[in-house]
>>> print(open('work_25.pdb').read())   # PDB, C-alpha atoms
ATOM      1  CA  MET A   1     -36.124 -25.052 -33.541  1.00  0.00           C
ATOM      2  CA  ARG A   2     -34.182 -27.906 -35.028  1.00  0.00           C
ATOM      3  CA  GLU A   3     -34.755 -31.262 -33.387  1.00  0.00           C
ATOM      4  CA  ASP A   4     -31.072 -31.862 -32.658  1.00  0.00           C
ATOM      5  CA  THR A   5     -30.371 -28.409 -31.205  1.00  0.00           C
ATOM      6  CA  HIS A   6     -31.226 -27.060 -27.795  1.00  0.00           C
ATOM      7  CA  HIS A   7     -31.488 -23.295 -27.288  1.00  0.00           C
ATOM      8  CA  GLY A   8     -31.362 -21.618 -23.901  1.00  0.00           C
ATOM      9  CA  GLY A   9     -30.343 -22.886 -20.477  1.00  0.00           C
ATOM     10  CA  GLY A  10     -30.107 -26.506 -19.472  1.00  0.00           C
ATOM     11  CA  SER A  11     -27.385 -27.439 -21.921  1.00  0.00           C
ATOM     12  CA  GLY A  12     -25.168 -30.284 -20.893  1.00  0.00           C
ATOM     13  CA  VAL A  13     -21.459 -29.652 -20.387  1.00  0.00           C
ATOM     14  CA  ASP A  14     -20.628 -32.310 -22.959  1.00  0.00           C
ATOM     15  CA  GLY A  15     -22.248 -30.486 -25.885  1.00  0.00           C
ATOM     16  CA  VAL A  16     -25.481 -32.443 -25.571  1.00  0.00           C
ATOM     17  CA  GLY A  17     -28.624 -30.427 -24.929  1.00  0.00           C
ATOM     18  CA  ALA A  18     -31.231 -31.264 -22.311  1.00  0.00           C
ATOM     19  CA  SER A  19     -33.331 -32.929 -25.019  1.00  0.00           C
ATOM     20  CA  GLY A  20     -30.471 -35.313 -25.844  1.00  0.00           C
ATOM     21  CA  GLY A  21     -29.613 -33.650 -29.174  1.00  0.00           C
ATOM     22  CA  VAL A  22     -26.273 -32.111 -30.015  1.00  0.00           C
ATOM     23  CA  ASP A  23     -26.016 -28.497 -28.854  1.00  0.00           C
ATOM     24  CA  HIS A  24     -24.528 -26.972 -31.999  1.00  0.00           C
ATOM     25  CA  GLU A  25     -24.140 -23.475 -30.529  1.00  0.00           C
ATOM     26  CA  PHE A  26     -21.855 -24.725 -27.755  1.00  0.00           C
ATOM     27  CA  LEU A  27     -19.929 -26.998 -30.104  1.00  0.00           C
ATOM     28  CA  ALA A  28     -19.389 -24.016 -32.425  1.00  0.00           C
ATOM     29  CA  LEU A  29     -18.300 -21.925 -29.436  1.00  0.00           C
ATOM     30  CA  GLU A  30     -15.817 -24.599 -28.393  1.00  0.00           C
ATOM     31  CA  ARG A  31     -14.393 -24.822 -31.922  1.00  0.00           C
ATOM     32  CA  GLU A  32     -13.983 -21.041 -32.256  1.00  0.00           C
ATOM     33  CA  LEU A  33     -12.504 -20.601 -28.767  1.00  0.00           C
ATOM     34  CA  THR A  34     -10.037 -23.440 -29.398  1.00  0.00           C
ATOM     35  CA  LEU A  35      -8.879 -21.731 -32.590  1.00  0.00           C
ATOM     36  CA  LEU A  36      -8.699 -18.327 -30.882  1.00  0.00           C
ATOM     37  CA  LEU A  37      -6.683 -19.715 -27.956  1.00  0.00           C
ATOM     38  CA  ARG A  38      -4.290 -21.556 -30.266  1.00  0.00           C
ATOM     39  CA  ARG A  39      -3.679 -18.363 -32.223  1.00  0.00           C
ATOM     40  CA  ALA A  40      -3.376 -16.329 -28.996  1.00  0.00           C
ATOM     41  CA  ARG A  41      -0.688 -18.689 -27.648  1.00  0.00           C
ATOM     42  CA  ALA A  42       1.283 -18.382 -30.871  1.00  0.00           C
ATOM     43  CA  SER A  43       0.837 -14.606 -30.882  1.00  0.00           C
ATOM     44  CA  SER A  44       1.874 -14.358 -27.234  1.00  0.00           C
ATOM     45  CA  GLY A  45       5.089 -16.208 -27.994  1.00  0.00           C
ATOM     46  CA  GLU A  46       5.794 -13.932 -30.935  1.00  0.00           C
ATOM     47  CA  MET A  47       5.107 -10.792 -28.889  1.00  0.00           C
ATOM     48  CA  ALA A  48       7.260 -12.051 -26.012  1.00  0.00           C
ATOM     49  CA  ARG A  49      10.174 -12.589 -28.421  1.00  0.00           C
ATOM     50  CA  GLN A  50       9.679  -9.058 -29.764  1.00  0.00           C
ATOM     51  CA  VAL A  51       9.956  -7.651 -26.238  1.00  0.00           C
ATOM     52  CA  HIS A  52      13.120  -9.706 -25.670  1.00  0.00           C
ATOM     53  CA  PRO A  53      14.391 -12.792 -27.526  1.00  0.00           C
ATOM     54  CA  ASP A  54      14.800 -14.701 -24.236  1.00  0.00           C
ATOM     55  CA  LEU A  55      11.403 -13.780 -22.750  1.00  0.00           C
ATOM     56  CA  GLU A  56       9.096 -16.707 -21.980  1.00  0.00           C
ATOM     57  CA  PRO A  57       5.673 -16.388 -23.668  1.00  0.00           C
ATOM     58  CA  ALA A  58       3.875 -16.687 -20.313  1.00  0.00           C
ATOM     59  CA  ALA A  59       5.715 -13.621 -19.015  1.00  0.00           C
ATOM     60  CA  TYR A  60       4.107 -11.313 -21.599  1.00  0.00           C
ATOM     61  CA  GLY A  61       0.849 -11.248 -19.610  1.00  0.00           C
ATOM     62  CA  LEU A  62       2.798 -10.424 -16.478  1.00  0.00           C
ATOM     63  CA  LEU A  63       4.374  -7.428 -18.203  1.00  0.00           C
ATOM     64  CA  ALA A  64       0.931  -6.312 -19.396  1.00  0.00           C
ATOM     65  CA  PHE A  65      -0.460  -6.502 -15.856  1.00  0.00           C
ATOM     66  CA  LEU A  66       2.474  -4.515 -14.433  1.00  0.00           C
ATOM     67  CA  ASP A  67       2.125  -1.895 -17.156  1.00  0.00           C
ATOM     68  CA  GLU A  68      -1.586  -1.449 -16.430  1.00  0.00           C
ATOM     69  CA  SER A  69      -1.526  -1.727 -12.645  1.00  0.00           C
ATOM     70  CA  GLY A  70       1.842  -0.285 -11.649  1.00  0.00           C
ATOM     71  CA  PRO A  71       4.139  -1.817  -9.030  1.00  0.00           C
ATOM     72  CA  ARG A  72       2.763  -4.943  -7.333  1.00  0.00           C
ATOM     73  CA  ARG A  73       3.816  -7.479  -4.760  1.00  0.00           C
ATOM     74  CA  ALA A  74       4.923 -10.847  -6.108  1.00  0.00           C
ATOM     75  CA  THR A  75       2.008 -12.519  -4.298  1.00  0.00           C
ATOM     76  CA  ASP A  76      -0.452 -10.270  -6.177  1.00  0.00           C
ATOM     77  CA  LEU A  77       1.245 -11.142  -9.462  1.00  0.00           C
ATOM     78  CA  ALA A  78       1.145 -14.869  -8.697  1.00  0.00           C
ATOM     79  CA  ALA A  79      -2.568 -14.664  -7.864  1.00  0.00           C
ATOM     80  CA  PHE A  80      -3.348 -12.713 -11.039  1.00  0.00           C
ATOM     81  CA  ILE A  81      -1.433 -15.102 -13.307  1.00  0.00           C
ATOM     82  CA  GLY A  82      -2.613 -18.167 -11.389  1.00  0.00           C
ATOM     83  CA  VAL A  83       0.753 -19.654 -10.420  1.00  0.00           C
ATOM     84  CA  GLY A  84       2.466 -20.523  -7.154  1.00  0.00           C
ATOM     85  CA  LYS A  85       5.078 -18.475  -5.324  1.00  0.00           C
ATOM     86  CA  ALA A  86       7.980 -20.621  -6.557  1.00  0.00           C
ATOM     87  CA  THR A  87       6.943 -20.264 -10.208  1.00  0.00           C
ATOM     88  CA  MET A  88       6.453 -16.522  -9.786  1.00  0.00           C
ATOM     89  CA  SER A  89       9.860 -16.145  -8.113  1.00  0.00           C
ATOM     90  CA  ARG A  90      11.510 -17.978 -11.010  1.00  0.00           C
ATOM     91  CA  GLN A  91       9.712 -15.813 -13.596  1.00  0.00           C
ATOM     92  CA  LEU A  92      10.592 -12.610 -11.759  1.00  0.00           C
ATOM     93  CA  ARG A  93      14.280 -13.594 -11.493  1.00  0.00           C
ATOM     94  CA  ALA A  94      14.323 -14.187 -15.254  1.00  0.00           C
ATOM     95  CA  LEU A  95      12.631 -10.830 -15.918  1.00  0.00           C
ATOM     96  CA  GLU A  96      15.109  -9.070 -13.628  1.00  0.00           C
ATOM     97  CA  GLN A  97      18.051 -10.708 -15.415  1.00  0.00           C
ATOM     98  CA  LEU A  98      16.651  -9.449 -18.730  1.00  0.00           C
ATOM     99  CA  GLY A  99      16.420  -5.929 -17.283  1.00  0.00           C
ATOM    100  CA  LEU A 100      12.637  -5.744 -17.747  1.00  0.00           C
ATOM    101  CA  VAL A 101      11.566  -5.518 -14.083  1.00  0.00           C
ATOM    102  CA  THR A 102      13.085  -4.454 -10.806  1.00  0.00           C
ATOM    103  CA  ARG A 103      12.152  -4.929  -7.160  1.00  0.00           C
ATOM    104  CA  GLU A 104      11.932  -2.097  -4.656  1.00  0.00           C
ATOM    105  CA  PRO A 105      10.919  -1.955  -0.981  1.00  0.00           C
ATOM    106  CA  ASP A 106       7.171  -1.546  -0.389  1.00  0.00           C
ATOM    107  CA  PRO A 107       6.729   1.833   1.349  1.00  0.00           C
ATOM    108  CA  ALA A 108       3.593   0.488   3.070  1.00  0.00           C
ATOM    109  CA  ASP A 109       5.409  -2.560   4.483  1.00  0.00           C
ATOM    110  CA  GLY A 110       9.177  -2.526   4.874  1.00  0.00           C
ATOM    111  CA  ARG A 111       9.286  -6.344   4.889  1.00  0.00           C
ATOM    112  CA  ALA A 112       7.682  -6.648   1.448  1.00  0.00           C
ATOM    113  CA  TRP A 113       8.926  -5.847  -2.050  1.00  0.00           C
ATOM    114  CA  LEU A 114       7.173  -4.337  -5.038  1.00  0.00           C
ATOM    115  CA  VAL A 115       7.898  -5.420  -8.598  1.00  0.00           C
ATOM    116  CA  ARG A 116       7.776  -2.747 -11.280  1.00  0.00           C
ATOM    117  CA  LEU A 117       8.706  -2.435 -14.930  1.00  0.00           C
ATOM    118  CA  THR A 118      12.031  -0.800 -15.644  1.00  0.00           C
ATOM    119  CA  ASP A 119      12.013   2.090 -18.102  1.00  0.00           C
ATOM    120  CA  GLU A 120      13.471  -0.267 -20.712  1.00  0.00           C
ATOM    121  CA  GLY A 121      10.878  -2.951 -19.907  1.00  0.00           C
ATOM    122  CA  ARG A 122       8.010  -0.457 -20.185  1.00  0.00           C
ATOM    123  CA  GLU A 123       9.273   0.928 -23.501  1.00  0.00           C
ATOM    124  CA  ARG A 124       9.862  -2.509 -25.040  1.00  0.00           C
ATOM    125  CA  PHE A 125       6.462  -3.773 -23.882  1.00  0.00           C
ATOM    126  CA  ARG A 126       4.556  -0.690 -25.049  1.00  0.00           C
ATOM    127  CA  THR A 127       6.214  -0.777 -28.469  1.00  0.00           C
ATOM    128  CA  VAL A 128       5.077  -4.375 -28.980  1.00  0.00           C
ATOM    129  CA  ARG A 129       1.601  -3.627 -27.598  1.00  0.00           C
ATOM    130  CA  ARG A 130       1.172  -0.689 -29.992  1.00  0.00           C
ATOM    131  CA  GLY A 131       1.990  -3.001 -32.895  1.00  0.00           C
ATOM    132  CA  ARG A 132      -0.575  -5.531 -31.678  1.00  0.00           C
ATOM    133  CA  ARG A 133      -3.286  -2.871 -31.388  1.00  0.00           C
ATOM    134  CA  GLU A 134      -2.495  -1.639 -34.896  1.00  0.00           C
ATOM    135  CA  ARG A 135      -2.916  -5.231 -36.112  1.00  0.00           C
ATOM    136  CA  TYR A 136      -6.331  -5.436 -34.400  1.00  0.00           C
ATOM    137  CA  VAL A 137      -7.385  -2.162 -36.039  1.00  0.00           C
ATOM    138  CA  ARG A 138      -6.407  -3.529 -39.462  1.00  0.00           C
ATOM    139  CA  GLN A 139      -8.085  -6.910 -38.871  1.00  0.00           C
ATOM    140  CA  LEU A 140     -11.328  -5.300 -37.690  1.00  0.00           C
ATOM    141  CA  ALA A 141     -11.334  -2.390 -40.146  1.00  0.00           C
ATOM    142  CA  GLY A 142     -14.640  -3.532 -41.658  1.00  0.00           C
ATOM    143  CA  TRP A 143     -16.361  -3.772 -38.281  1.00  0.00           C
ATOM    144  CA  ASP A 144     -18.581  -1.091 -36.844  1.00  0.00           C
ATOM    145  CA  ARG A 145     -17.176   0.366 -33.585  1.00  0.00           C
ATOM    146  CA  ALA A 146     -20.327  -0.840 -31.801  1.00  0.00           C
ATOM    147  CA  GLU A 147     -19.494  -4.400 -32.903  1.00  0.00           C
ATOM    148  CA  VAL A 148     -15.950  -4.070 -31.548  1.00  0.00           C
ATOM    149  CA  ALA A 149     -17.349  -2.731 -28.267  1.00  0.00           C
ATOM    150  CA  GLU A 150     -19.851  -5.604 -28.104  1.00  0.00           C
ATOM    151  CA  LEU A 151     -17.110  -8.177 -28.707  1.00  0.00           C
ATOM    152  CA  ALA A 152     -15.022  -6.603 -25.922  1.00  0.00           C
ATOM    153  CA  ARG A 153     -18.062  -6.619 -23.607  1.00  0.00           C
ATOM    154  CA  LEU A 154     -18.809 -10.281 -24.301  1.00  0.00           C
ATOM    155  CA  LEU A 155     -15.177 -11.314 -23.836  1.00  0.00           C
ATOM    156  CA  ARG A 156     -15.033  -9.388 -20.544  1.00  0.00           C
ATOM    157  CA  GLN A 157     -18.203 -11.184 -19.442  1.00  0.00           C
ATOM    158  CA  LEU A 158     -16.700 -14.554 -20.403  1.00  0.00           C
ATOM    159  CA  ASN A 159     -13.440 -13.770 -18.597  1.00  0.00           C
ATOM    160  CA  THR A 160     -15.279 -12.607 -15.488  1.00  0.00           C
ATOM    161  CA  ARG A 161     -17.332 -15.789 -15.340  1.00  0.00           C
ATOM    162  CA  ALA A 162     -14.234 -17.905 -15.906  1.00  0.00           C
ATOM    163  CA  GLU A 163     -12.755 -16.443 -12.700  1.00  0.00           C
ATOM    164  CA  LEU A 164     -15.614 -17.818 -10.593  1.00  0.00           C
TER
END
>>> encode(input="work_25.pdb", output="structure tokens")
Amino acid sequence: MREDTHHGGGSGVDGVGASGGVDHEFLALERELTLLLRRARASSGEMARQVHPDLEPAAYGLLAFLDESGPRRATDLAAFIGVGKATMSRQLRALEQLGLVTREPDPADGRAWLVRLTDEGRERFRTVRRGRRERYVRQLAGWDRAEVAELARLLRQLNTRAEL
């Protein structure tokens, strides 16, 4: 083990290992995640514009959640995205005006409303998503399927822990 690197648990949150040396693995992780997130934000904006030129980049994830989960209450959507009710209401109004989502009464609770993708919203979103998946397939063409599965597993693990 290098003197300035700490392996295993006990790493400091500031990139300094328990032994006082720089924790290169966590610094490398930070660098790569920063780059990935920067590219993801840019890609999200591009994909949002492909769905509709006036769609906010943050709304793309909302469309993805609705496509995967089906109709949801606005409070569920706000909790998933991590925003307040007012922000979610504003985003949903914008999506409704663009014709991408609609609200319908919740059959389980007549006082509540469910938000769902319109047929146009679903088709636009799925067209863009297919293009993104095709791009991933091209970018990872040299990878073994087991490596792709392992990357997905590790990212899921990271995302799950980030929710805690």
>>> resolve_selection(input="work_25.pdb", expression="the PyMOL selection byres ((chain A and resi 57-71) around 8)", output="mmCIF file with C-alpha atoms, in the coordinates of the input")
data_model
loop_
_atom_site.group_PDB
_atom_site.id
_atom_site.type_symbol
_atom_site.label_atom_id
_atom_site.label_comp_id
_atom_site.auth_asym_id
_atom_site.auth_seq_id
_atom_site.Cartn_x
_atom_site.Cartn_y
_atom_site.Cartn_z
ATOM 1 C CA ARG A 41 -0.688 -18.689 -27.648
ATOM 2 C CA SER A 44 1.874 -14.358 -27.234
ATOM 3 C CA GLY A 45 5.089 -16.208 -27.994
ATOM 4 C CA GLU A 46 5.794 -13.932 -30.935
ATOM 5 C CA MET A 47 5.107 -10.792 -28.889
ATOM 6 C CA ALA A 48 7.260 -12.051 -26.012
ATOM 7 C CA ARG A 49 10.174 -12.589 -28.421
ATOM 8 C CA LEU A 55 11.403 -13.780 -22.750
ATOM 9 C CA GLU A 56 9.096 -16.707 -21.980
ATOM 10 C CA ARG A 72 2.763 -4.943 -7.333
ATOM 11 C CA ARG A 73 3.816 -7.479 -4.760
ATOM 12 C CA LEU A 77 1.245 -11.142 -9.462
ATOM 13 C CA ILE A 81 -1.433 -15.102 -13.307
ATOM 14 C CA GLN A 91 9.712 -15.813 -13.596
ATOM 15 C CA LEU A 114 7.173 -4.337 -5.038
ATOM 16 C CA VAL A 115 7.898 -5.420 -8.598
ATOM 17 C CA ARG A 116 7.776 -2.747 -11.280
ATOM 18 C CA LEU A 117 8.706 -2.435 -14.930
ATOM 19 C CA ARG A 122 8.010 -0.457 -20.185
ATOM 20 C CA PHE A 125 6.462 -3.773 -23.882
#
>>> atom_distance(input="work_25.pdb", atom1="CA of Arg103 in chain A", atom2="CA of Ala78 in chain A")
14.9 Å
>>> atom_distance(input="work_25.pdb", atom1="CA of Thr34 in chain A", atom2="CA of Val51 in chain A")
25.7 Å
>>> closest_residue(input="work_25.pdb", among="A:Ser43, A:Leu98, A:Leu155, A:Lys85", to="Arg129 in chain A", atoms="only C-alpha atoms")
A:Ser43
>>> atom_distance(input="work_25.pdb", atom1="CA of Val101 in chain A", atom2="CA of Gly121 in chain A")
6.4 Å
>>> build_atoms(input="work_25.pdb", residues="range 116-127 of chain A", atoms="all heavy atoms", output="PDB file, in the frame of the given file")
ATOM      1  N   ARG A 116       8.216  -3.744 -10.303  1.00  0.00           N
ATOM      2  CA  ARG A 116       7.776  -2.747 -11.280  1.00  0.00           C
ATOM      3  C   ARG A 116       8.573  -2.918 -12.563  1.00  0.00           C
ATOM      4  O   ARG A 116       9.671  -3.470 -12.564  1.00  0.00           O
ATOM      5  CB  ARG A 116       7.911  -1.333 -10.744  1.00  0.00           C
ATOM      6  CG  ARG A 116       9.323  -0.847 -10.610  1.00  0.00           C
ATOM      7  CD  ARG A 116       9.396   0.667 -10.367  1.00  0.00           C
ATOM      8  NE  ARG A 116      10.772   1.078 -10.232  1.00  0.00           N
ATOM      9  CZ  ARG A 116      11.588   1.318 -11.247  1.00  0.00           C
ATOM     10  NH1 ARG A 116      11.164   1.173 -12.495  1.00  0.00           N
ATOM     11  NH2 ARG A 116      12.835   1.690 -11.048  1.00  0.00           N
ATOM     12  N   LEU A 117       7.993  -2.437 -13.653  1.00  0.00           N
ATOM     13  CA  LEU A 117       8.706  -2.435 -14.930  1.00  0.00           C
ATOM     14  C   LEU A 117       9.846  -1.424 -14.868  1.00  0.00           C
ATOM     15  O   LEU A 117       9.695  -0.342 -14.296  1.00  0.00           O
ATOM     16  CB  LEU A 117       7.768  -2.039 -16.067  1.00  0.00           C
ATOM     17  CG  LEU A 117       6.684  -3.032 -16.472  1.00  0.00           C
ATOM     18  CD1 LEU A 117       5.758  -2.405 -17.502  1.00  0.00           C
ATOM     19  CD2 LEU A 117       7.287  -4.301 -17.017  1.00  0.00           C
ATOM     20  N   THR A 118      10.967  -1.780 -15.461  1.00  0.00           N
ATOM     21  CA  THR A 118      12.031  -0.800 -15.644  1.00  0.00           C
ATOM     22  C   THR A 118      11.615   0.108 -16.802  1.00  0.00           C
ATOM     23  O   THR A 118      10.668  -0.206 -17.552  1.00  0.00           O
ATOM     24  CB  THR A 118      13.365  -1.486 -15.987  1.00  0.00           C
ATOM     25  OG1 THR A 118      13.205  -2.191 -17.225  1.00  0.00           O
ATOM     26  CG2 THR A 118      13.811  -2.438 -14.883  1.00  0.00           C
ATOM     27  N   ASP A 119      12.314   1.208 -16.964  1.00  0.00           N
ATOM     28  CA  ASP A 119      12.013   2.090 -18.102  1.00  0.00           C
ATOM     29  C   ASP A 119      12.180   1.325 -19.408  1.00  0.00           C
ATOM     30  O   ASP A 119      11.353   1.445 -20.315  1.00  0.00           O
ATOM     31  CB  ASP A 119      12.919   3.323 -18.085  1.00  0.00           C
ATOM     32  CG  ASP A 119      12.591   4.267 -16.929  1.00  0.00           C
ATOM     33  OD1 ASP A 119      11.482   4.178 -16.368  1.00  0.00           O
ATOM     34  OD2 ASP A 119      13.463   5.096 -16.589  1.00  0.00           O
ATOM     35  N   GLU A 120      13.237   0.527 -19.505  1.00  0.00           N
ATOM     36  CA  GLU A 120      13.471  -0.267 -20.712  1.00  0.00           C
ATOM     37  C   GLU A 120      12.355  -1.293 -20.911  1.00  0.00           C
ATOM     38  O   GLU A 120      11.853  -1.472 -22.025  1.00  0.00           O
ATOM     39  CB  GLU A 120      14.815  -0.986 -20.638  1.00  0.00           C
ATOM     40  CG  GLU A 120      15.075  -1.851 -21.859  1.00  0.00           C
ATOM     41  CD  GLU A 120      16.380  -2.637 -21.778  1.00  0.00           C
ATOM     42  OE1 GLU A 120      17.134  -2.460 -20.812  1.00  0.00           O
ATOM     43  OE2 GLU A 120      16.616  -3.437 -22.698  1.00  0.00           O
ATOM     44  N   GLY A 121      11.953  -1.964 -19.827  1.00  0.00           N
ATOM     45  CA  GLY A 121      10.878  -2.951 -19.907  1.00  0.00           C
ATOM     46  C   GLY A 121       9.573  -2.326 -20.366  1.00  0.00           C
ATOM     47  O   GLY A 121       8.864  -2.879 -21.210  1.00  0.00           O
ATOM     48  N   ARG A 122       9.250  -1.151 -19.812  1.00  0.00           N
ATOM     49  CA  ARG A 122       8.010  -0.457 -20.185  1.00  0.00           C
ATOM     50  C   ARG A 122       8.042  -0.069 -21.660  1.00  0.00           C
ATOM     51  O   ARG A 122       7.079  -0.272 -22.393  1.00  0.00           O
ATOM     52  CB  ARG A 122       7.811   0.777 -19.314  1.00  0.00           C
ATOM     53  CG  ARG A 122       6.527   1.535 -19.630  1.00  0.00           C
ATOM     54  CD  ARG A 122       6.282   2.696 -18.675  1.00  0.00           C
ATOM     55  NE  ARG A 122       6.053   2.179 -17.327  1.00  0.00           N
ATOM     56  CZ  ARG A 122       6.943   2.193 -16.335  1.00  0.00           C
ATOM     57  NH1 ARG A 122       8.126   2.729 -16.532  1.00  0.00           N
ATOM     58  NH2 ARG A 122       6.649   1.691 -15.162  1.00  0.00           N
ATOM     59  N   GLU A 123       9.169   0.492 -22.108  1.00  0.00           N
ATOM     60  CA  GLU A 123       9.273   0.928 -23.501  1.00  0.00           C
ATOM     61  C   GLU A 123       9.189  -0.251 -24.469  1.00  0.00           C
ATOM     62  O   GLU A 123       8.473  -0.194 -25.467  1.00  0.00           O
ATOM     63  CB  GLU A 123      10.578   1.707 -23.719  1.00  0.00           C
ATOM     64  CG  GLU A 123      10.735   2.223 -25.129  1.00  0.00           C
ATOM     65  CD  GLU A 123       9.597   3.120 -25.599  1.00  0.00           C
ATOM     66  OE1 GLU A 123       9.039   3.873 -24.785  1.00  0.00           O
ATOM     67  OE2 GLU A 123       9.252   3.045 -26.799  1.00  0.00           O
ATOM     68  N   ARG A 124       9.906  -1.330 -24.175  1.00  0.00           N
ATOM     69  CA  ARG A 124       9.862  -2.509 -25.040  1.00  0.00           C
ATOM     70  C   ARG A 124       8.446  -3.079 -25.100  1.00  0.00           C
ATOM     71  O   ARG A 124       7.942  -3.398 -26.182  1.00  0.00           O
ATOM     72  CB  ARG A 124      10.827  -3.584 -24.526  1.00  0.00           C
ATOM     73  CG  ARG A 124      12.272  -3.305 -24.792  1.00  0.00           C
ATOM     74  CD  ARG A 124      13.140  -4.370 -24.116  1.00  0.00           C
ATOM     75  NE  ARG A 124      14.530  -4.245 -24.463  1.00  0.00           N
ATOM     76  CZ  ARG A 124      15.175  -5.113 -25.231  1.00  0.00           C
ATOM     77  NH1 ARG A 124      14.572  -6.166 -25.719  1.00  0.00           N
ATOM     78  NH2 ARG A 124      16.443  -4.926 -25.502  1.00  0.00           N
ATOM     79  N   PHE A 125       7.812  -3.216 -23.925  1.00  0.00           N
ATOM     80  CA  PHE A 125       6.462  -3.773 -23.882  1.00  0.00           C
ATOM     81  C   PHE A 125       5.484  -2.886 -24.652  1.00  0.00           C
ATOM     82  O   PHE A 125       4.693  -3.381 -25.458  1.00  0.00           O
ATOM     83  CB  PHE A 125       5.993  -3.948 -22.428  1.00  0.00           C
ATOM     84  CG  PHE A 125       4.546  -4.298 -22.348  1.00  0.00           C
ATOM     85  CD1 PHE A 125       4.120  -5.588 -22.638  1.00  0.00           C
ATOM     86  CD2 PHE A 125       3.593  -3.343 -22.045  1.00  0.00           C
ATOM     87  CE1 PHE A 125       2.775  -5.912 -22.612  1.00  0.00           C
ATOM     88  CE2 PHE A 125       2.250  -3.660 -22.011  1.00  0.00           C
ATOM     89  CZ  PHE A 125       1.836  -4.943 -22.295  1.00  0.00           C
ATOM     90  N   ARG A 126       5.520  -1.594 -24.401  1.00  0.00           N
ATOM     91  CA  ARG A 126       4.556  -0.690 -25.049  1.00  0.00           C
ATOM     92  C   ARG A 126       4.747  -0.628 -26.562  1.00  0.00           C
ATOM     93  O   ARG A 126       3.779  -0.480 -27.303  1.00  0.00           O
ATOM     94  CB  ARG A 126       4.632   0.697 -24.427  1.00  0.00           C
ATOM     95  CG  ARG A 126       4.034   0.711 -23.024  1.00  0.00           C
ATOM     96  CD  ARG A 126       4.031   2.070 -22.420  1.00  0.00           C
ATOM     97  NE  ARG A 126       3.400   2.037 -21.098  1.00  0.00           N
ATOM     98  CZ  ARG A 126       3.324   3.078 -20.301  1.00  0.00           C
ATOM     99  NH1 ARG A 126       3.815   4.258 -20.677  1.00  0.00           N
ATOM    100  NH2 ARG A 126       2.741   2.968 -19.118  1.00  0.00           N
ATOM    101  N   THR A 127       5.959  -0.753 -27.020  1.00  0.00           N
ATOM    102  CA  THR A 127       6.214  -0.777 -28.469  1.00  0.00           C
ATOM    103  C   THR A 127       5.538  -1.995 -29.095  1.00  0.00           C
ATOM    104  O   THR A 127       4.861  -1.880 -30.124  1.00  0.00           O
ATOM    105  CB  THR A 127       7.734  -0.797 -28.743  1.00  0.00           C
ATOM    106  OG1 THR A 127       8.302   0.407 -28.230  1.00  0.00           O
ATOM    107  CG2 THR A 127       8.018  -0.921 -30.231  1.00  0.00           C
TER     108      THR A 127
END
